[in-house]
$ cat data19.csv   # CSV, C-alpha atoms
chain,number,residue,atom,x,y,z
A,1,MET,CA,165.0,37.5,72.9
A,2,GLN,CA,167.5,35.1,74.4
A,3,GLY,CA,170.9,36.4,75.4
A,4,SER,CA,170.7,40.0,74.3
A,5,ARG,CA,171.8,42.3,77.1
A,6,PRO,CA,170.0,45.6,77.7
A,7,LEU,CA,172.0,48.7,77.1
A,8,VAL,CA,172.2,51.2,79.9
A,9,ARG,CA,173.6,54.6,79.3
A,10,VAL,CA,175.8,56.1,82.1
A,11,VAL,CA,175.2,59.8,82.6
A,12,ARG,CA,177.6,61.7,84.8
A,13,LEU,CA,175.9,64.7,86.2
A,14,GLY,CA,178.7,65.9,88.6
A,15,LEU,CA,177.7,68.1,91.5
A,16,VAL,CA,174.0,69.0,91.1
A,17,SER,CA,171.4,70.3,93.5
A,18,TYR,CA,168.9,67.7,94.7
A,19,GLN,CA,166.2,69.6,92.8
A,20,GLU,CA,168.2,69.5,89.6
A,21,GLY,CA,168.7,65.8,90.2
A,22,LEU,CA,164.9,65.3,90.4
A,23,ARG,CA,164.3,67.4,87.3
A,24,LEU,CA,166.9,65.4,85.3
A,25,GLN,CA,165.6,62.0,86.5
A,26,GLN,CA,162.2,63.1,85.2
A,27,VAL,CA,163.7,63.9,81.8
A,28,TYR,CA,165.2,60.4,81.7
A,29,VAL,CA,162.0,58.8,83.0
A,30,ASP,CA,160.0,60.5,80.2
A,31,ARG,CA,162.4,59.1,77.6
A,32,HIS,CA,161.1,55.7,78.3
A,33,ARG,CA,157.7,56.6,76.7
A,34,SER,CA,159.1,56.1,73.3
A,35,GLY,CA,160.9,52.8,73.9
A,36,PRO,CA,163.7,51.4,76.1
A,37,ALA,CA,166.0,54.2,77.3
A,38,HIS,CA,167.7,52.7,80.4
A,39,SER,CA,170.0,55.2,82.0
A,40,LEU,CA,172.2,55.3,85.1
A,41,LEU,CA,172.6,58.8,86.5
A,42,LEU,CA,175.6,59.5,88.7
A,43,CYS,CA,176.0,62.6,90.8
A,44,GLU,CA,176.8,64.2,94.1
A,45,HIS,CA,174.6,66.7,95.9
A,46,PRO,CA,175.3,69.7,98.1
A,47,PRO,CA,174.1,68.9,101.7
A,48,VAL,CA,170.4,67.9,101.7
A,49,TYR,CA,168.1,65.9,103.9
A,50,THR,CA,165.3,64.1,102.1
A,51,THR,CA,162.2,62.2,103.2
A,52,GLY,CA,160.1,59.7,101.3
A,53,ILE,CA,156.4,59.0,100.8
A,54,ARG,CA,155.9,58.3,104.4
A,55,HIS,CA,155.9,61.9,105.5
A,56,GLN,CA,153.9,61.6,108.7
A,57,PRO,CA,157.0,61.1,110.9
A,58,TYR,CA,158.5,64.3,109.6
A,59,PRO,CA,156.3,67.4,110.2
A,60,ALA,CA,157.8,70.8,109.4
A,61,SER,CA,158.7,71.3,113.1
A,62,ARG,CA,161.1,68.3,112.8
A,63,LEU,CA,162.5,69.3,109.5
A,64,ASP,CA,163.0,73.1,110.0
A,65,PRO,CA,166.0,72.7,112.4
A,66,LEU,CA,167.8,70.8,109.7
A,67,ARG,CA,167.7,73.8,107.5
A,68,LEU,CA,169.5,75.8,110.2
A,69,LEU,CA,172.4,73.5,109.7
A,70,GLY,CA,172.9,74.8,106.2
A,71,ALA,CA,171.3,71.9,104.4
A,72,GLU,CA,168.4,71.8,102.1
A,73,VAL,CA,165.4,69.7,103.0
A,74,HIS,CA,163.2,68.0,100.4
A,75,ARG,CA,160.3,65.5,100.3
A,76,ALA,CA,160.6,62.9,97.6
A,77,ASN,CA,158.2,60.3,96.2
A,78,ARG,CA,160.6,57.5,96.9
A,79,GLY,CA,160.4,54.7,99.5
A,80,GLY,CA,162.5,54.9,102.6
A,81,LEU,CA,162.5,57.4,105.4
A,82,ILE,CA,164.9,60.3,106.1
A,83,THR,CA,168.4,60.3,104.8
A,84,PHE,CA,171.2,62.7,104.0
A,85,HIS,CA,173.1,63.4,100.8
A,86,GLY,CA,176.2,65.5,100.5
A,87,PRO,CA,179.6,65.9,99.0
A,88,GLY,CA,181.7,62.7,99.1
A,89,GLN,CA,178.7,60.5,98.7
A,90,LEU,CA,178.2,58.7,95.4
A,91,VAL,CA,174.6,59.1,94.4
A,92,CYS,CA,173.3,56.8,91.7
A,93,TYR,CA,169.9,57.0,90.1
A,94,PRO,CA,169.2,54.1,87.8
A,95,VAL,CA,166.3,55.0,85.5
A,96,LEU,CA,165.5,51.6,84.1
A,97,ASP,CA,162.3,50.1,82.6
A,98,LEU,CA,162.0,46.9,84.6
A,99,SER,CA,160.1,45.4,81.6
A,100,GLY,CA,163.6,45.1,80.1
A,101,PHE,CA,164.9,43.2,83.1
A,102,ARG,CA,162.5,41.7,85.5
A,103,LYS,CA,159.1,43.2,86.5
A,104,SER,CA,159.6,42.9,90.2
A,105,VAL,CA,160.5,45.8,92.4
A,106,ARG,CA,161.6,43.4,95.1
A,107,TRP,CA,164.1,41.8,92.6
A,108,TYR,CA,165.3,45.2,91.5
A,109,VAL,CA,166.1,46.4,95.0
A,110,ALA,CA,167.8,43.1,95.8
A,111,GLN,CA,170.0,43.4,92.7
A,112,LEU,CA,170.9,47.0,93.7
A,113,GLU,CA,171.9,45.8,97.1
A,114,LYS,CA,174.1,43.0,95.6
A,115,THR,CA,175.6,45.6,93.3
A,116,VAL,CA,176.7,47.7,96.2
A,117,VAL,CA,177.9,44.7,98.2
A,118,SER,CA,180.1,43.7,95.2
A,119,ALA,CA,181.4,47.2,94.7
A,120,CYS,CA,182.4,47.4,98.4
A,121,GLY,CA,184.0,44.0,98.1
A,122,SER,CA,186.1,45.0,95.2
A,123,LEU,CA,187.4,48.0,97.2
A,124,GLY,CA,188.2,45.7,100.2
A,125,VAL,CA,185.2,46.4,102.4
A,126,THR,CA,183.0,43.4,103.5
A,127,ALA,CA,179.5,44.7,103.4
A,128,THR,CA,176.2,42.8,103.9
A,129,THR,CA,172.5,43.2,103.4
A,130,SER,CA,170.0,42.8,106.3
A,131,PRO,CA,166.2,42.9,106.8
A,132,HIS,CA,166.6,46.6,106.6
A,133,THR,CA,167.0,47.6,103.0
A,134,GLY,CA,170.4,49.2,102.3
A,135,VAL,CA,174.0,47.9,102.6
A,136,TRP,CA,175.7,47.5,105.9
A,137,VAL,CA,179.1,47.0,107.5
A,138,GLY,CA,178.1,45.4,110.8
A,139,ASP,CA,175.6,47.8,112.4
A,140,ASN,CA,176.6,50.7,110.3
A,141,LYS,CA,175.0,51.6,107.0
A,142,ILE,CA,177.4,52.4,104.3
A,143,CYS,CA,174.8,52.8,101.5
A,144,ALA,CA,171.2,54.0,101.7
A,145,MET,CA,168.5,53.1,99.2
A,146,GLY,CA,165.1,54.5,98.3
A,147,ILE,CA,163.3,53.8,95.1
A,148,HIS,CA,160.3,55.0,93.1
A,149,CYS,CA,158.7,52.8,90.5
A,150,GLY,CA,156.0,54.0,88.1
A,151,ARG,CA,154.8,52.0,85.1
A,152,TYR,CA,157.8,49.8,85.7
A,153,VAL,CA,160.2,52.7,85.3
A,154,THR,CA,162.5,53.2,88.2
A,155,SER,CA,163.9,56.5,89.7
A,156,HIS,CA,165.7,57.6,92.8
A,157,GLY,CA,168.2,54.9,93.8
A,158,LEU,CA,171.2,54.6,96.1
A,159,ALA,CA,173.7,56.7,98.0
A,160,LEU,CA,177.1,55.2,98.9
A,161,ASN,CA,179.2,57.0,101.4
A,162,CYS,CA,182.7,57.4,100.1
A,163,ASN,CA,184.4,60.2,102.0
A,164,THR,CA,181.2,61.9,103.2
A,165,ASP,CA,181.3,64.0,106.4
A,166,LEU,CA,179.3,61.5,108.5
A,167,SER,CA,178.6,64.1,111.2
A,168,TRP,CA,175.6,65.3,109.1
A,169,PHE,CA,173.9,62.0,109.9
A,170,SER,CA,174.1,62.7,113.7
A,171,HIS,CA,171.1,65.2,113.4
A,172,ILE,CA,168.7,62.5,112.1
A,173,VAL,CA,167.8,58.9,112.8
A,174,PRO,CA,169.0,57.7,109.4
A,175,CYS,CA,166.2,55.8,107.6
A,176,GLY,CA,164.3,55.8,110.9
A,177,ILE,CA,166.3,52.9,112.2
A,178,GLU,CA,167.2,53.5,115.9
A,179,GLY,CA,170.3,52.2,117.4
A,180,LYS,CA,172.3,51.8,114.2
A,181,GLY,CA,175.1,54.0,112.8
A,182,VAL,CA,176.5,55.0,109.5
A,183,THR,CA,179.9,54.5,107.9
A,184,SER,CA,181.8,55.2,104.7
A,185,LEU,CA,184.3,53.5,102.5
A,186,SER,CA,187.0,55.9,103.8
A,187,ARG,CA,186.1,55.1,107.4
A,188,GLU,CA,186.2,51.4,106.8
A,189,LEU,CA,189.5,51.5,104.8
A,190,ARG,CA,191.1,54.2,107.0
A,191,ARG,CA,192.2,56.1,104.0
A,192,ASP,CA,190.5,58.6,101.7
A,193,VAL,CA,188.3,56.9,99.2
A,194,SER,CA,186.7,59.4,96.8
A,195,VAL,CA,183.6,59.2,94.7
A,196,HIS,CA,185.9,59.2,91.7
A,197,GLU,CA,187.7,56.1,93.0
A,198,ALA,CA,184.5,54.2,93.9
A,199,THR,CA,182.5,54.9,90.7
A,200,PRO,CA,184.2,52.4,88.4
A,201,HIS,CA,183.7,49.7,91.0
A,202,LEU,CA,180.0,50.5,91.3
A,203,LEU,CA,179.6,50.5,87.5
A,204,ALA,CA,181.4,47.2,87.0
A,205,ALA,CA,179.2,45.6,89.7
A,206,PHE,CA,176.1,47.1,88.2
A,207,GLY,CA,176.9,45.6,84.8
A,208,GLU,CA,177.5,42.2,86.4
A,209,HIS,CA,174.4,42.0,88.5
A,210,PHE,CA,172.0,43.5,85.9
A,211,HIS,CA,173.5,41.6,83.0
A,212,CYS,CA,173.6,44.7,81.0
A,213,GLU,CA,176.0,46.7,78.8
A,214,LEU,CA,177.0,50.1,80.1
A,215,SER,CA,177.7,52.8,77.6
A,216,GLU,CA,179.1,56.3,78.1
A,217,ASP,CA,178.6,59.3,76.0
A,218,ALA,CA,181.8,60.7,74.6
B,1,MET,CA,151.7,51.7,74.8
B,2,ALA,CA,155.5,51.3,74.9
B,3,MET,CA,155.1,49.0,78.0
B,4,ARG,CA,153.4,46.2,76.0
B,5,ALA,CA,156.1,46.3,73.3
B,6,THR,CA,158.8,45.8,75.9
B,7,LEU,CA,157.2,42.7,77.3
B,8,ARG,CA,158.9,40.9,74.4
B,9,CYS,CA,162.3,41.9,75.7
B,10,LEU,CA,162.2,40.2,79.1
B,11,SER,CA,165.6,39.0,79.9
B,12,ALA,CA,166.5,35.4,80.2
B,13,ASN,CA,167.2,36.0,83.9
B,14,PHE,CA,163.5,35.9,84.8
B,15,SER,CA,163.0,32.8,86.9
B,16,PRO,CA,159.5,31.3,86.8
B,17,ARG,CA,158.8,30.9,90.4
B,18,LEU,CA,155.6,33.1,90.6
B,19,PRO,CA,152.9,30.8,89.2
B,20,LEU,CA,152.8,29.0,92.6
B,21,LEU,CA,151.8,32.2,94.3
B,22,SER,CA,149.1,33.3,91.9
B,23,SER,CA,147.4,30.0,92.2
B,24,ALA,CA,147.9,30.0,95.9
B,25,GLY,CA,146.3,33.4,96.1
B,26,ARG,CA,143.4,32.1,94.1
B,27,ASP,CA,143.1,29.1,96.3
B,28,ASN,CA,143.2,31.1,99.4
B,29,ARG,CA,140.5,33.4,98.1
B,30,ALA,CA,138.3,30.5,97.1
B,31,ALA,CA,138.9,28.8,100.5
B,32,ARG,CA,137.9,32.0,102.3
B,33,LEU,CA,134.8,32.4,100.3
B,34,ARG,CA,133.7,28.8,101.1
B,35,TRP,CA,134.2,29.6,104.8
B,36,VAL,CA,132.3,32.9,104.5
B,37,SER,CA,129.4,31.9,102.5
B,38,GLY,CA,129.5,28.2,102.0
B,39,THR,CA,129.1,28.7,98.3
B,40,ARG,CA,130.7,30.6,95.5
B,41,ARG,CA,127.7,32.9,95.2
B,42,THR,CA,129.7,35.9,96.3
B,43,PHE,CA,131.4,35.9,93.0
B,44,SER,CA,128.6,35.1,90.7
B,45,SER,CA,125.5,36.3,92.5
B,46,CYS,CA,122.1,36.9,90.9
B,47,SER,CA,122.6,40.7,90.7
B,48,VAL,CA,123.2,41.9,87.2
B,49,LEU,CA,125.8,44.3,88.4
B,50,SER,CA,127.8,41.8,90.4
B,51,THR,CA,130.8,40.2,88.6
B,52,ALA,CA,133.7,37.9,89.3
B,53,LEU,CA,137.2,39.4,89.7
B,54,LYS,CA,138.5,41.2,86.7
B,55,PHE,CA,142.2,42.0,86.3
B,56,THR,CA,144.3,44.7,84.7
B,57,GLU,CA,147.7,44.3,83.0
B,58,LYS,CA,149.1,46.2,86.0
B,59,HIS,CA,148.0,43.3,88.2
B,60,GLU,CA,145.1,45.0,89.9
B,61,TRP,CA,141.8,43.3,90.4
B,62,VAL,CA,138.3,44.8,90.5
B,63,GLN,CA,135.2,43.2,91.9
B,64,VAL,CA,131.9,44.9,91.2
B,65,GLU,CA,129.0,44.7,93.5
B,66,GLY,CA,126.0,46.9,93.6
B,67,GLY,CA,127.6,49.4,91.1
B,68,ILE,CA,130.7,49.8,93.3
B,69,GLY,CA,134.0,48.4,92.3
B,70,THR,CA,136.4,47.2,95.0
B,71,VAL,CA,140.1,47.4,93.9
B,72,GLY,CA,143.1,45.6,95.1
B,73,ILE,CA,146.4,44.1,93.8
B,74,SER,CA,146.9,40.5,92.8
B,75,SER,CA,148.9,37.8,94.5
B,76,TYR,CA,151.5,38.1,91.7
B,77,ALA,CA,151.8,41.8,92.4
B,78,GLN,CA,152.1,41.6,96.1
B,79,ASP,CA,154.8,39.0,95.7
B,80,ALA,CA,156.7,41.1,93.2
B,81,LEU,CA,156.6,44.0,95.6
B,82,GLY,CA,157.7,42.3,98.8
B,83,ASP,CA,156.4,43.2,102.3
B,84,VAL,CA,154.2,46.3,102.1
B,85,VAL,CA,155.1,48.7,104.9
B,86,TYR,CA,153.0,51.7,103.8
B,87,CYS,CA,149.9,52.4,101.6
B,88,GLY,CA,149.4,55.8,100.2
B,89,LEU,CA,145.7,56.0,99.2
B,90,PRO,CA,143.6,58.7,97.7
B,91,GLU,CA,140.9,60.8,99.5
B,92,VAL,CA,137.3,59.7,99.5
B,93,GLY,CA,135.5,61.7,96.9
B,94,GLN,CA,138.5,61.9,94.5
B,95,ARG,CA,137.6,61.4,90.9
B,96,LEU,CA,139.8,59.1,88.9
B,97,GLU,CA,140.1,58.5,85.2
B,98,GLN,CA,141.2,55.0,84.1
B,99,MET,CA,145.0,54.8,84.4
B,100,ASP,CA,145.3,57.8,86.7
B,101,GLU,CA,147.8,57.3,89.5
B,102,PHE,CA,145.8,57.0,92.7
B,103,GLY,CA,148.4,56.1,95.2
B,104,ALA,CA,151.5,54.1,96.0
B,105,LEU,CA,152.5,51.1,98.0
B,106,GLU,CA,155.9,51.1,99.7
B,107,SER,CA,157.9,47.9,100.2
B,108,VAL,CA,161.6,47.3,100.5
B,109,LYS,CA,162.2,51.0,100.4
B,110,ALA,CA,160.5,51.2,97.0
B,111,ALA,CA,157.4,53.3,96.4
B,112,SER,CA,155.4,51.7,93.6
B,113,GLU,CA,152.6,53.6,92.0
B,114,LEU,CA,149.0,52.4,91.8
B,115,TYR,CA,146.9,53.1,88.7
B,116,SER,CA,143.2,53.3,88.6
B,117,PRO,CA,141.6,50.4,86.7
B,118,LEU,CA,138.4,52.3,86.0
B,119,THR,CA,136.9,55.8,85.7
B,120,GLY,CA,134.9,56.7,88.8
B,121,GLU,CA,134.9,58.3,92.2
B,122,VAL,CA,136.5,57.0,95.3
B,123,THR,CA,133.8,56.0,97.8
B,124,ALA,CA,135.9,54.3,100.4
B,125,ILE,CA,139.5,53.5,101.3
B,126,ASN,CA,140.7,50.6,103.4
B,127,THR,CA,141.6,52.4,106.6
B,128,GLN,CA,142.8,49.1,108.1
B,129,LEU,CA,145.9,49.4,105.9
B,130,ALA,CA,147.2,52.4,107.9
B,131,GLU,CA,147.9,50.2,110.9
B,132,ASN,CA,148.3,47.0,109.1
B,133,PRO,CA,149.8,47.5,105.6
B,134,GLY,CA,150.8,43.8,105.5
B,135,LEU,CA,147.2,42.9,104.8
B,136,VAL,CA,148.0,43.7,101.2
B,137,ASN,CA,150.4,40.7,101.2
B,138,LYS,CA,148.6,38.4,103.5
B,139,ASP,CA,145.1,38.7,102.1
B,140,CYS,CA,145.3,40.6,98.8
B,141,TYR,CA,141.9,39.5,97.5
B,142,ALA,CA,139.9,40.3,100.6
B,143,GLU,CA,141.1,42.2,103.7
B,144,GLY,CA,143.9,43.8,101.7
B,145,TRP,CA,141.6,45.7,99.4
B,146,LEU,CA,142.7,49.2,98.6
B,147,ILE,CA,139.8,51.4,97.5
B,148,LYS,CA,136.2,51.3,96.5
B,149,MET,CA,134.9,53.4,93.6
B,150,THR,CA,131.9,54.1,91.5
B,151,ILE,CA,131.9,52.9,87.9
B,152,GLU,CA,131.2,55.6,85.4
B,153,LYS,CA,131.9,53.4,82.4
B,154,PRO,CA,130.8,49.8,82.9
B,155,GLU,CA,132.4,49.0,79.5
B,156,GLU,CA,135.8,49.5,81.1
B,157,VAL,CA,135.0,46.5,83.4
B,158,ASP,CA,134.0,44.4,80.5
B,159,ALA,CA,137.3,45.1,78.8
B,160,LEU,CA,139.4,43.8,81.7
B,161,MET,CA,140.8,40.3,81.9
B,162,ASP,CA,138.9,37.5,83.6
B,163,GLN,CA,140.7,35.1,85.9
B,164,ALA,CA,141.5,32.7,83.1
B,165,ALA,CA,142.9,35.4,80.8
B,166,TYR,CA,144.9,36.9,83.7
B,167,ASP,CA,146.4,33.5,84.6
B,168,LYS,CA,147.4,33.2,80.9
B,169,PHE,CA,148.8,36.7,81.0
B,170,ILE,CA,151.0,35.9,84.0
B,171,LYS,CA,152.3,32.8,82.3
B,172,SER,CA,153.2,34.8,79.2
B,173,LEU,CA,155.3,37.2,81.4
B,174,GLU,CA,157.4,34.3,82.6
B,175,GLU,CA,158.4,33.2,79.2
$ encode --input "data19.csv" --output "structure tokens"
Amino acid sequence: MQGSRPLVRVVRLGLVSYQEGLRLQQVYVDRHRSGPAHSLLLCEHPPVYTTGIRHQPYPASRLDPLRLLGAEVHRANRGGLITFHGPGQLVCYPVLDLSGFRKSVRWYVAQLEKTVVSACGSLGVTATTSPHTGVWVGDNKICAMGIHCGRYVTSHGLALNCNTDLSWFSHIVPCGIEGKGVTSLSRELRRDVSVHEATPHLLAAFGEHFHCELSEDA
Amino acid sequence: MAMRATLRCLSANFSPRLPLLSSAGRDNRAARLRWVSGTRRTFSSCSVLSTALKFTEKHEWVQVEGGIGTVGISSYAQDALGDVVYCGLPEVGQRLEQMDEFGALESVKAASELYSPLTGEVTAINTQLAENPGLVNKDCYAEGWLIKMTIEKPEEVDALMDQAAYDKFIKSLEE
């Protein structure tokens, strides 16, 4: 069908635990069973470290000390290595059926990266992509990404540092990439940039790069 | 299944650059077989149980030989994934129903699930992929095989697409 743009529903979850985020993603994933039900879940998490399907690098002995810091620790079925989620970080979980877009995980991740680069740009931060998936400002990662795709339905997504306390990242090698750092919109712009401020920029960029209509529940 | 219905809704963004790769994949496979055996007998040998590659709509291939099916992903699939950095495979001995998730491939920070093309039991997994997951991209029809399994329901193999049908299927995805 030429020219009709997919409809993506924006769902604002607010501050939810990582576990609750997983549960809600599954609810939205399951909706795709009865037809297209593209959704974009937005949330923030209390401090949590998460690992992906490559769990060998992270035995319990390596993860337990992180709990002592007051964070939760979770394994997830997404790609990517260890990362941190916490207050001040805009977490976005697009639950899309790629059959309605393009059936390529590689394409999907590239579009997500472009979305974040555009969003950063519209806020005044020049960000780039690199051979390491995610979005960077120089050698510092401003947005992490880790995706799961089953039967063309996506889950997990991206985490953009707005005014996150970056010291949480000092306890891990973020995404397993040695020698690189992390940054945030606030650090780059030297002023406080909240999740609330960044969200409309991310949504606008998403609509643009995915050629879709975004709708919000009243 | 809802999946097939949504094939109609592919957006106009889809750029048809993939056919080159699926035919390249096929050509590489054919070339390798000529090198290995000098003939194409490996695909259509005298054994009743041996078949040419069959394909699923999820872009997996199955090759049957001696009652055992070798499973991998097609060139189209490996291209759509990007460079594979990790293969999560099942345990030997695990029993799979057709369409059961049996593992995942990770590429570009995305974990993509794998679905069993047949019902049977896993008899072997490609342990080379632990050290060299990129084989799935470089040699998806040969060295990049994923699992081997028994075939409880031979009729499931018959129902899969042959090369010609699969090539047609890929073309239809690009419209």
$ residues_near_point --input "data19.csv" --point "(147.3, 54.2, 102.2)" --cutoff "7 Å" --atoms "only C-alpha atoms" --output "list in words"
Tyr86, Cys87, Gly88, Leu89, Leu129 and Ala130 of chain B
$ residues_around --input "data19.csv" --residues "Ser17 of chain A" --least-positions-apart "6" --cutoff "12 Å" --atoms "only C-alpha atoms" --output "MDAnalysis selection string"
chainID A and resid 23:24 43:49 71:74 85:87 91
$ residues_near_point --input "data19.csv" --point "(165.2, 55.9, 94.6)" --cutoff "7 Å" --atoms "only C-alpha atoms" --output "list in words"
Arg78, Gly79, Tyr93, Met145, Gly146, Ile147, His148, Ser155, His156, Gly157 and Leu158 of chain A
$ write_last_selection --input "data19.csv" --atoms "C-alpha atoms" --output "CSV table (one decimal), in the frame of the given file"
chain,number,residue,atom,x,y,z
A,78,ARG,CA,160.6,57.5,96.9
A,79,GLY,CA,160.4,54.7,99.5
A,93,TYR,CA,169.9,57.0,90.1
A,145,MET,CA,168.5,53.1,99.2
A,146,GLY,CA,165.1,54.5,98.3
A,147,ILE,CA,163.3,53.8,95.1
A,148,HIS,CA,160.3,55.0,93.1
A,155,SER,CA,163.9,56.5,89.7
A,156,HIS,CA,165.7,57.6,92.8
A,157,GLY,CA,168.2,54.9,93.8
A,158,LEU,CA,171.2,54.6,96.1
$ atom_distance --input "data19.csv" --atom1 "atom CA of Gly88 of chain A" --atom2 "atom CA of Leu160 of chain A"
8.8 Å
$ residues_around --input "data19.csv" --residues "Pro94 of chain A" --least-positions-apart "4" --cutoff "12 Å" --atoms "all atoms listed in the file" --output "mmCIF file with C-alpha atoms, in the frame of the given file"
data_model
loop_
_atom_site.group_PDB
_atom_site.id
_atom_site.type_symbol
_atom_site.label_atom_id
_atom_site.label_comp_id
_atom_site.auth_asym_id
_atom_site.auth_seq_id
_atom_site.Cartn_x
_atom_site.Cartn_y
_atom_site.Cartn_z
ATOM 1 C CA VAL A 8 172.200 51.200 79.900
ATOM 2 C CA ARG A 9 173.600 54.600 79.300
ATOM 3 C CA VAL A 10 175.800 56.100 82.100
ATOM 4 C CA VAL A 11 175.200 59.800 82.600
ATOM 5 C CA ARG A 12 177.600 61.700 84.800
ATOM 6 C CA GLY A 21 168.700 65.800 90.200
ATOM 7 C CA LEU A 24 166.900 65.400 85.300
ATOM 8 C CA GLN A 25 165.600 62.000 86.500
ATOM 9 C CA GLN A 26 162.200 63.100 85.200
ATOM 10 C CA TYR A 28 165.200 60.400 81.700
ATOM 11 C CA VAL A 29 162.000 58.800 83.000
ATOM 12 C CA ALA A 37 166.000 54.200 77.300
ATOM 13 C CA HIS A 38 167.700 52.700 80.400
ATOM 14 C CA SER A 39 170.000 55.200 82.000
ATOM 15 C CA LEU A 40 172.200 55.300 85.100
ATOM 16 C CA LEU A 41 172.600 58.800 86.500
ATOM 17 C CA LEU A 42 175.600 59.500 88.700
ATOM 18 C CA CYS A 43 176.000 62.600 90.800
ATOM 19 C CA LEU A 98 162.000 46.900 84.600
ATOM 20 C CA TYR A 108 165.300 45.200 91.500
ATOM 21 C CA VAL A 109 166.100 46.400 95.000
ATOM 22 C CA GLN A 111 170.000 43.400 92.700
ATOM 23 C CA LEU A 112 170.900 47.000 93.700
ATOM 24 C CA THR A 115 175.600 45.600 93.300
ATOM 25 C CA MET A 145 168.500 53.100 99.200
ATOM 26 C CA GLY A 146 165.100 54.500 98.300
ATOM 27 C CA ILE A 147 163.300 53.800 95.100
ATOM 28 C CA HIS A 148 160.300 55.000 93.100
ATOM 29 C CA CYS A 149 158.700 52.800 90.500
ATOM 30 C CA VAL A 153 160.200 52.700 85.300
ATOM 31 C CA THR A 154 162.500 53.200 88.200
ATOM 32 C CA SER A 155 163.900 56.500 89.700
ATOM 33 C CA HIS A 156 165.700 57.600 92.800
ATOM 34 C CA GLY A 157 168.200 54.900 93.800
ATOM 35 C CA LEU A 158 171.200 54.600 96.100
ATOM 36 C CA ALA A 159 173.700 56.700 98.000
ATOM 37 C CA LEU A 202 180.000 50.500 91.300
ATOM 38 C CA LEU A 203 179.600 50.500 87.500
ATOM 39 C CA PHE A 206 176.100 47.100 88.200
ATOM 40 C CA GLY A 207 176.900 45.600 84.800
ATOM 41 C CA PHE A 210 172.000 43.500 85.900
ATOM 42 C CA LEU A 214 177.000 50.100 80.100
#
$ closest_residue --input "data19.csv" --among "B:Gly82, B:Gly144, B:Gly120, B:Pro90" --to "chain A" --atoms "all atoms listed in the file"
B:Gly82
$ interface_residues --input "data19.csv" --of "chain A" --to "chain B" --cutoff "9 Å" --atoms "all atoms listed in the file" --output "VMD selection string"
chain A and resid 1 to 6 32 to 36 52 to 54 77 to 81 97 to 107 109 to 110 131 to 134 145 to 152 211
$ residues_around --input "data19.csv" --residues "Ala124 of chain B" --least-positions-apart "6" --cutoff "6 Å" --atoms "all atoms listed in the file" --output "PyMOL selection string"
chain B and resi 92+147-148
$ write_last_selection --input "data19.csv" --atoms "C-alpha atoms" --output "PDB file, keeping the file's coordinate frame"
ATOM      1  CA  VAL B  92     137.300  59.700  99.500  1.00  0.00           C
ATOM      2  CA  ILE B 147     139.800  51.400  97.500  1.00  0.00           C
ATOM      3  CA  LYS B 148     136.200  51.300  96.500  1.00  0.00           C
TER       4      LYS B 148
END
$ residues_around --input "data19.csv" --residues "segment 163-178 of chain A" --least-positions-apart "4" --cutoff "8 Å" --atoms "only C-alpha atoms" --output "list of chain:residue names"
A:Leu66, A:Gly80, A:Leu81, A:Ile82, A:Thr83, A:Phe84, A:Gly86, A:Pro87, A:Gly88, A:Gln89, A:Ala144, A:Val182, A:Thr183, A:Ser184, A:Leu185, A:Ser186, A:Arg187, A:Asp192, A:Val193, A:Ser194, A:Val195
$ atom_distance --input "data19.csv" --atom1 "atom CA of Glu65 of chain B" --atom2 "atom CA of Lys138 of chain B"
22.9 Å
$ atom_distance --input "data19.csv" --atom1 "atom CA of Leu7 of chain A" --atom2 "atom CA of Cys212 of chain A"
5.8 Å
$ closest_residue --input "data19.csv" --among "B:Thr119, B:Ser74, B:Asn126, B:Thr56" --to "Glu91 of chain B" --atoms "all atoms listed in the file"
B:Asn126
$ residues_around --input "data19.csv" --residues "Thr126 of chain A" --least-positions-apart "6" --cutoff "10 Å" --atoms "all atoms listed in the file" --output "PyMOL selection string"
chain A and resi 117-120+136-138+188
$ write_last_selection --input "data19.csv" --atoms "C-alpha atoms" --output "mmCIF file, in the coordinates of the input"
data_model
loop_
_atom_site.group_PDB
_atom_site.id
_atom_site.type_symbol
_atom_site.label_atom_id
_atom_site.label_comp_id
_atom_site.auth_asym_id
_atom_site.auth_seq_id
_atom_site.Cartn_x
_atom_site.Cartn_y
_atom_site.Cartn_z
ATOM 1 C CA VAL A 117 177.900 44.700 98.200
ATOM 2 C CA SER A 118 180.100 43.700 95.200
ATOM 3 C CA ALA A 119 181.400 47.200 94.700
ATOM 4 C CA CYS A 120 182.400 47.400 98.400
ATOM 5 C CA TRP A 136 175.700 47.500 105.900
ATOM 6 C CA VAL A 137 179.100 47.000 107.500
ATOM 7 C CA GLY A 138 178.100 45.400 110.800
ATOM 8 C CA GLU A 188 186.200 51.400 106.800
#
$ closest_residue --input "data19.csv" --among "B:Tyr166, B:Gln128, B:Glu121, B:Ser172" --to "Ser75 of chain B" --atoms "all atoms listed in the file"
B:Tyr166
